[in-house]
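The file my_file_37.cif comes next; it holds mmCIF, C-alpha atoms.
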```
data_input
loop_
_atom_site.group_PDB
_atom_site.id
_atom_site.type_symbol
_atom_site.label_atom_id
_atom_site.label_comp_id
_atom_site.auth_asym_id
_atom_site.auth_seq_id
_atom_site.Cartn_x
_atom_site.Cartn_y
_atom_site.Cartn_z
ATOM 1 C CA MET G 1 -13.684 56.353 18.932
ATOM 2 C CA SER G 2 -14.963 59.510 20.493
ATOM 3 C CA ASN G 3 -13.428 60.874 23.688
ATOM 4 C CA GLU G 4 -16.725 62.503 24.594
ATOM 5 C CA GLN G 5 -18.503 61.308 27.729
ATOM 6 C CA PRO G 6 -21.874 59.633 27.149
ATOM 7 C CA LEU G 7 -24.994 61.683 27.754
ATOM 8 C CA TYR G 8 -28.189 60.171 29.156
ATOM 9 C CA ARG G 9 -31.746 61.487 29.259
ATOM 10 C CA ILE G 10 -33.602 60.043 32.247
ATOM 11 C CA GLN G 11 -37.322 60.386 32.872
ATOM 12 C CA PHE G 12 -38.782 59.511 36.246
ATOM 13 C CA MET G 13 -41.852 60.164 38.367
ATOM 14 C CA ASN G 14 -41.585 62.353 41.452
ATOM 15 C CA ASN G 15 -44.559 63.706 43.429
ATOM 16 C CA GLY G 16 -46.985 63.190 40.538
ATOM 17 C CA LYS G 17 -44.765 64.939 37.997
ATOM 18 C CA ASN G 18 -42.592 63.713 35.125
ATOM 19 C CA TYR G 19 -38.986 64.825 35.590
ATOM 20 C CA GLN G 20 -36.677 64.799 32.571
ATOM 21 C CA LEU G 21 -32.980 65.340 33.291
ATOM 22 C CA TYR G 22 -29.740 65.055 31.359
ATOM 23 C CA VAL G 23 -26.830 63.405 33.156
ATOM 24 C CA ARG G 24 -23.402 62.028 32.289
ATOM 25 C CA GLU G 25 -23.485 59.082 34.694
ATOM 26 C CA VAL G 26 -26.165 56.432 35.322
ATOM 27 C CA VAL G 27 -25.233 53.354 37.372
ATOM 28 C CA GLN G 28 -26.884 50.727 39.513
ATOM 29 C CA GLY G 29 -26.781 52.254 42.964
ATOM 30 C CA ALA G 30 -25.207 50.734 46.041
ATOM 31 C CA LEU G 31 -28.640 51.033 47.651
ATOM 32 C CA PHE G 32 -30.768 48.057 46.636
ATOM 33 C CA GLY G 33 -33.652 49.025 44.322
ATOM 34 C CA PHE G 34 -32.205 52.412 43.321
ATOM 35 C CA ILE G 35 -30.286 53.758 40.362
ATOM 36 C CA GLU G 36 -27.688 56.431 40.890
ATOM 37 C CA ILE G 37 -27.446 59.475 38.632
ATOM 38 C CA ALA G 38 -24.636 62.000 38.708
ATOM 39 C CA ASP G 39 -22.950 64.793 36.771
ATOM 40 C CA PHE G 40 -26.115 66.757 35.948
ATOM 41 C CA VAL G 41 -26.117 68.725 32.686
ATOM 42 C CA PHE G 42 -28.219 71.889 32.492
ATOM 43 C CA ASP G 43 -28.530 74.492 29.741
ATOM 44 C CA SER G 44 -26.434 77.614 29.956
ATOM 45 C CA HIS G 45 -28.577 80.629 29.207
ATOM 46 C CA SER G 46 -27.841 81.651 25.639
ATOM 47 C CA THR G 47 -31.282 83.092 24.970
ATOM 48 C CA VAL G 48 -33.441 85.726 26.585
ATOM 49 C CA LEU G 49 -36.367 83.302 27.004
ATOM 50 C CA VAL G 50 -36.163 81.310 30.270
ATOM 51 C CA ASP G 51 -38.052 78.059 30.903
ATOM 52 C CA PRO G 52 -39.490 78.116 34.463
ATOM 53 C CA SER G 53 -39.474 74.318 34.822
ATOM 54 C CA ALA G 54 -35.781 74.165 33.856
ATOM 55 C CA GLU G 55 -35.027 76.880 36.397
ATOM 56 C CA ARG G 56 -36.957 74.958 39.050
ATOM 57 C CA LEU G 57 -34.908 71.834 38.285
ATOM 58 C CA LYS G 58 -31.665 73.805 38.464
ATOM 59 C CA SER G 59 -32.553 75.172 41.882
ATOM 60 C CA GLU G 60 -33.871 71.798 43.130
ATOM 61 C CA PHE G 61 -30.653 70.006 42.146
ATOM 62 C CA ALA G 62 -28.253 72.842 43.044
ATOM 63 C CA GLY G 63 -25.472 71.434 45.198
ATOM 64 C CA VAL G 64 -26.517 67.814 44.515
ATOM 65 C CA THR G 65 -23.636 65.648 43.307
ATOM 66 C CA ARG G 66 -25.507 62.311 43.187
ATOM 67 C CA SER G 67 -29.170 61.402 43.328
ATOM 68 C CA TYR G 68 -30.723 58.003 43.990
ATOM 69 C CA ILE G 69 -33.940 57.247 42.089
ATOM 70 C CA PRO G 70 -36.165 54.265 43.022
ATOM 71 C CA LEU G 71 -36.330 51.755 40.171
ATOM 72 C CA GLN G 72 -40.142 51.768 40.133
ATOM 73 C CA ALA G 73 -40.120 55.559 39.545
ATOM 74 C CA VAL G 74 -37.988 55.343 36.386
ATOM 75 C CA ILE G 75 -39.978 55.703 33.170
ATOM 76 C CA ARG G 76 -37.153 55.681 30.637
ATOM 77 C CA ILE G 77 -33.387 56.065 30.236
ATOM 78 C CA ASP G 78 -31.972 56.980 26.810
ATOM 79 C CA ALA G 79 -28.380 57.411 25.642
ATOM 80 C CA VAL G 80 -28.533 60.558 23.502
ATOM 81 C CA THR G 81 -26.138 62.473 21.284
ATOM 82 C CA GLU G 82 -27.567 65.963 21.803
ATOM 83 C CA ARG G 83 -28.712 67.647 24.963
ATOM 84 C CA GLY G 84 -32.240 68.995 25.167
ATOM 85 C CA SER G 85 -33.786 71.059 27.906
ATOM 86 C CA ALA G 86 -34.438 69.597 31.331
ATOM 87 C CA ARG G 87 -38.067 69.955 32.341
ATOM 88 C CA ILE G 88 -40.846 69.028 34.719
ATOM 89 C CA SER G 89 -44.255 68.200 33.279
ATOM 90 C CA GLU G 90 -47.531 66.697 34.398
ATOM 91 C CA LEU G 91 -47.904 62.939 34.122
ATOM 92 C CA GLY G 92 -50.319 61.824 31.449
ATOM 93 C CA ASP G 93 -53.127 59.353 32.026
ATOM 94 C CA ASN G 94 -51.123 56.529 30.477
ATOM 95 C CA VAL G 95 -48.384 56.519 33.176
ATOM 96 C CA ALA G 96 -49.176 54.856 36.493
ATOM 97 C CA PRO G 97 -46.919 53.959 39.409
ATOM 98 C CA PHE G 98 -46.009 50.286 39.720
ATOM 99 C CA PRO G 99 -47.077 48.183 41.560
ATOM 100 C CA HIS G 100 -50.720 49.098 42.034
ATOM 101 C CA LEU G 101 -51.972 48.212 45.506
ATOM 102 C CA PRO G 102 -55.350 46.398 45.543
ATOM 103 C CA GLY G 103 -58.235 48.438 46.910
ATOM 104 C CA ARG G 104 -56.415 51.709 46.415
ATOM 105 C CA LYS G 105 -57.164 53.916 43.434
ATOM 106 C CA PRO G 106 -54.181 55.682 41.806
#
```
The structure in this file should be written as structure tokens.
Amino acid sequence: MSNEQPLYRIQFMNNGKNYQLYVREVVQGALFGFIEIADFVFDSHSTVLVDPSAERLKSEFAGVTRSYIPLQAVIRIDAVTERGSARISELGDNVAPFPHLPGRKP
């Protein structure tokens, strides 16, 4: 068995954007209807090229030890073997918040 901690890629919606983060801990939160993510993993700069969305995520989550994400905002959680780059992107047309309120257009 490997002594390495598991790594998770979590994608969730926040303010009309798709956030993709890498974390070491994902658990059902003590707050009802939320999941708790902790131990954020960000790239260390080994290249000259810098991704602005990754830098924005680093600054947004600087000093944050745990974050609570509403269940309805979560798009996907994957257990991964290799870390990619954290990023923020625009939501596509095929992702909509749930539930949809009648009479209100998304």
Tell me, as a list of chain:residue names, which residues lie within 12 Å of Arg83 in chain G, counting all atoms listed in the file; anything in the same chain fewer than 5 positions away does not count.
->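 The residues satisfying every condition are G:Pro6, G:Leu7, G:Tyr8, G:Arg9, G:Ile10, G:Gln20, G:Leu21, G:Tyr22, G:Val23, G:Arg24, G:Phe40, G:Val41, G:Phe42, G:Asp43, G:Ser44, G:Asp78.
Among the candidates G:Ala73, G:Ile37, G:Leu91, G:Val80, the one nearest to Phe61 in chain G when counting only C-alpha atoms is G:Ile37.
Closest to Asp39 in chain G among G:Arg87, G:Lys58, G:Arg66, G:Arg76 is G:Arg66, based on only C-alpha atoms.
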Write out as number ranges by chain each polymer residue whose atoms come within 8 Å of Val74 in chain G, counting only C-alpha atoms; drop sequence neighbours fewer than 2 positions from it.
-> G: 10-13, 69-72, 76-77
Counting only C-alpha atoms, the residue among G:Gly84, G:Glu60, G:Tyr68, G:Asn15 that lies closest to Gly33 in chain G is G:Tyr68
Separation of CA of Ala54 in chain G from CA of Leu31 in chain G, in Å and rounded to one decimal |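 Separating CA of Ala54 in chain G from CA of Leu31 in chain G is a distance of 27.9 Å.
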Rank G:Thr81, G:Ser53, G:Ser89, G:Ser67 by their smallest atom-to-atom distance to Ile35 in chain G, using only C-alpha atoms, and report the top residue only.
->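 Smallest separation from Ile35 in chain G among the options: G:Ser67.
Residue membership of the PyMOL selection byres ((chain G and resi 27) around 9) in the shown file amounts to Glu25, Val26, Gln28, Gly29, Ile35, Glu36, Ile37 and Ala38 of chain G.
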Interatomic distance, CA of Gly16 in chain G to CA of Ala62 in chain G (Å, one decimal) |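 Distance between the two atoms: 21.2 Å.
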CA of Ile75 in chain G to CA of Glu90 in chain G, distance in Å rounded to a single decimal = 13.4 Å
What would range 58-69 of chain G look like with all heavy atoms restored, written as a compact mmCIF listing (two decimals), keeping the file's coordinate frame?
```txt
# COMPACT_ATOMS: atom_id res chain seq x y z
N LYS G 58 -33.00 73.32 38.11
CA LYS G 58 -31.66 73.81 38.46
C LYS G 58 -31.58 74.12 39.95
O LYS G 58 -30.62 73.75 40.61
CB LYS G 58 -31.32 75.06 37.67
CG LYS G 58 -30.53 74.81 36.44
CD LYS G 58 -30.11 76.15 35.88
CE LYS G 58 -29.42 75.97 34.57
NZ LYS G 58 -29.00 77.22 33.99
N SER G 59 -32.58 74.81 40.46
CA SER G 59 -32.55 75.17 41.88
C SER G 59 -32.78 73.95 42.77
O SER G 59 -32.18 73.85 43.84
CB SER G 59 -33.57 76.27 42.19
OG SER G 59 -34.88 75.81 41.97
N GLU G 60 -33.61 73.00 42.33
CA GLU G 60 -33.87 71.80 43.13
C GLU G 60 -32.63 70.92 43.23
O GLU G 60 -32.38 70.31 44.27
CB GLU G 60 -35.02 71.00 42.51
CG GLU G 60 -35.42 69.80 43.33
CD GLU G 60 -36.68 69.12 42.80
OE1 GLU G 60 -37.48 69.77 42.10
OE2 GLU G 60 -36.85 67.93 43.09
N PHE G 61 -31.84 70.85 42.16
CA PHE G 61 -30.65 70.01 42.15
C PHE G 61 -29.36 70.79 42.35
O PHE G 61 -28.27 70.24 42.15
CB PHE G 61 -30.59 69.19 40.85
CG PHE G 61 -31.62 68.10 40.81
CD1 PHE G 61 -32.86 68.30 40.19
CD2 PHE G 61 -31.39 66.89 41.43
CE1 PHE G 61 -33.82 67.30 40.16
CE2 PHE G 61 -32.35 65.88 41.41
CZ PHE G 61 -33.55 66.09 40.78
N ALA G 62 -29.45 72.05 42.76
CA ALA G 62 -28.25 72.84 43.04
C ALA G 62 -27.53 72.23 44.25
O ALA G 62 -28.14 71.93 45.27
CB ALA G 62 -28.63 74.29 43.33
N GLY G 63 -26.26 72.00 44.11
CA GLY G 63 -25.47 71.43 45.20
C GLY G 63 -25.57 69.92 45.32
O GLY G 63 -24.93 69.32 46.18
N VAL G 64 -26.37 69.27 44.48
CA VAL G 64 -26.52 67.81 44.52
C VAL G 64 -25.46 67.21 43.59
O VAL G 64 -25.38 67.56 42.42
CB VAL G 64 -27.93 67.38 44.06
CG1 VAL G 64 -28.04 65.87 43.99
CG2 VAL G 64 -28.99 67.96 44.97
N THR G 65 -24.65 66.30 44.13
CA THR G 65 -23.64 65.65 43.31
C THR G 65 -24.13 64.31 42.78
O THR G 65 -23.79 63.90 41.69
CB THR G 65 -22.33 65.44 44.09
OG1 THR G 65 -22.61 64.69 45.26
CG2 THR G 65 -21.70 66.77 44.45
N ARG G 66 -24.93 63.61 43.57
CA ARG G 66 -25.51 62.31 43.19
C ARG G 66 -26.94 62.25 43.70
O ARG G 66 -27.24 62.75 44.75
CB ARG G 66 -24.73 61.15 43.80
CG ARG G 66 -23.32 61.09 43.32
CD ARG G 66 -22.67 59.76 43.66
NE ARG G 66 -21.36 59.68 43.05
CZ ARG G 66 -21.14 59.39 41.78
NH1 ARG G 66 -22.14 59.13 40.99
NH2 ARG G 66 -19.93 59.35 41.29
N SER G 67 -27.78 61.58 42.92
CA SER G 67 -29.17 61.40 43.33
C SER G 67 -29.53 59.94 43.14
O SER G 67 -29.08 59.30 42.18
CB SER G 67 -30.09 62.29 42.49
OG SER G 67 -31.40 62.25 42.98
N TYR G 68 -30.31 59.40 44.04
CA TYR G 68 -30.72 58.00 43.99
C TYR G 68 -32.21 57.96 43.68
O TYR G 68 -33.02 58.49 44.44
CB TYR G 68 -30.42 57.30 45.32
CG TYR G 68 -28.94 57.27 45.60
CD1 TYR G 68 -28.31 58.31 46.28
CD2 TYR G 68 -28.16 56.22 45.16
CE1 TYR G 68 -26.96 58.29 46.52
CE2 TYR G 68 -26.80 56.18 45.40
CZ TYR G 68 -26.20 57.22 46.07
OH TYR G 68 -24.85 57.20 46.31
N ILE G 69 -32.57 57.31 42.57
CA ILE G 69 -33.94 57.25 42.09
C ILE G 69 -34.44 55.82 42.27
O ILE G 69 -33.79 54.88 41.80
CB ILE G 69 -34.03 57.63 40.59
CG1 ILE G 69 -33.28 58.93 40.30
CG2 ILE G 69 -35.47 57.69 40.13
CD1 ILE G 69 -33.84 60.15 40.96
```
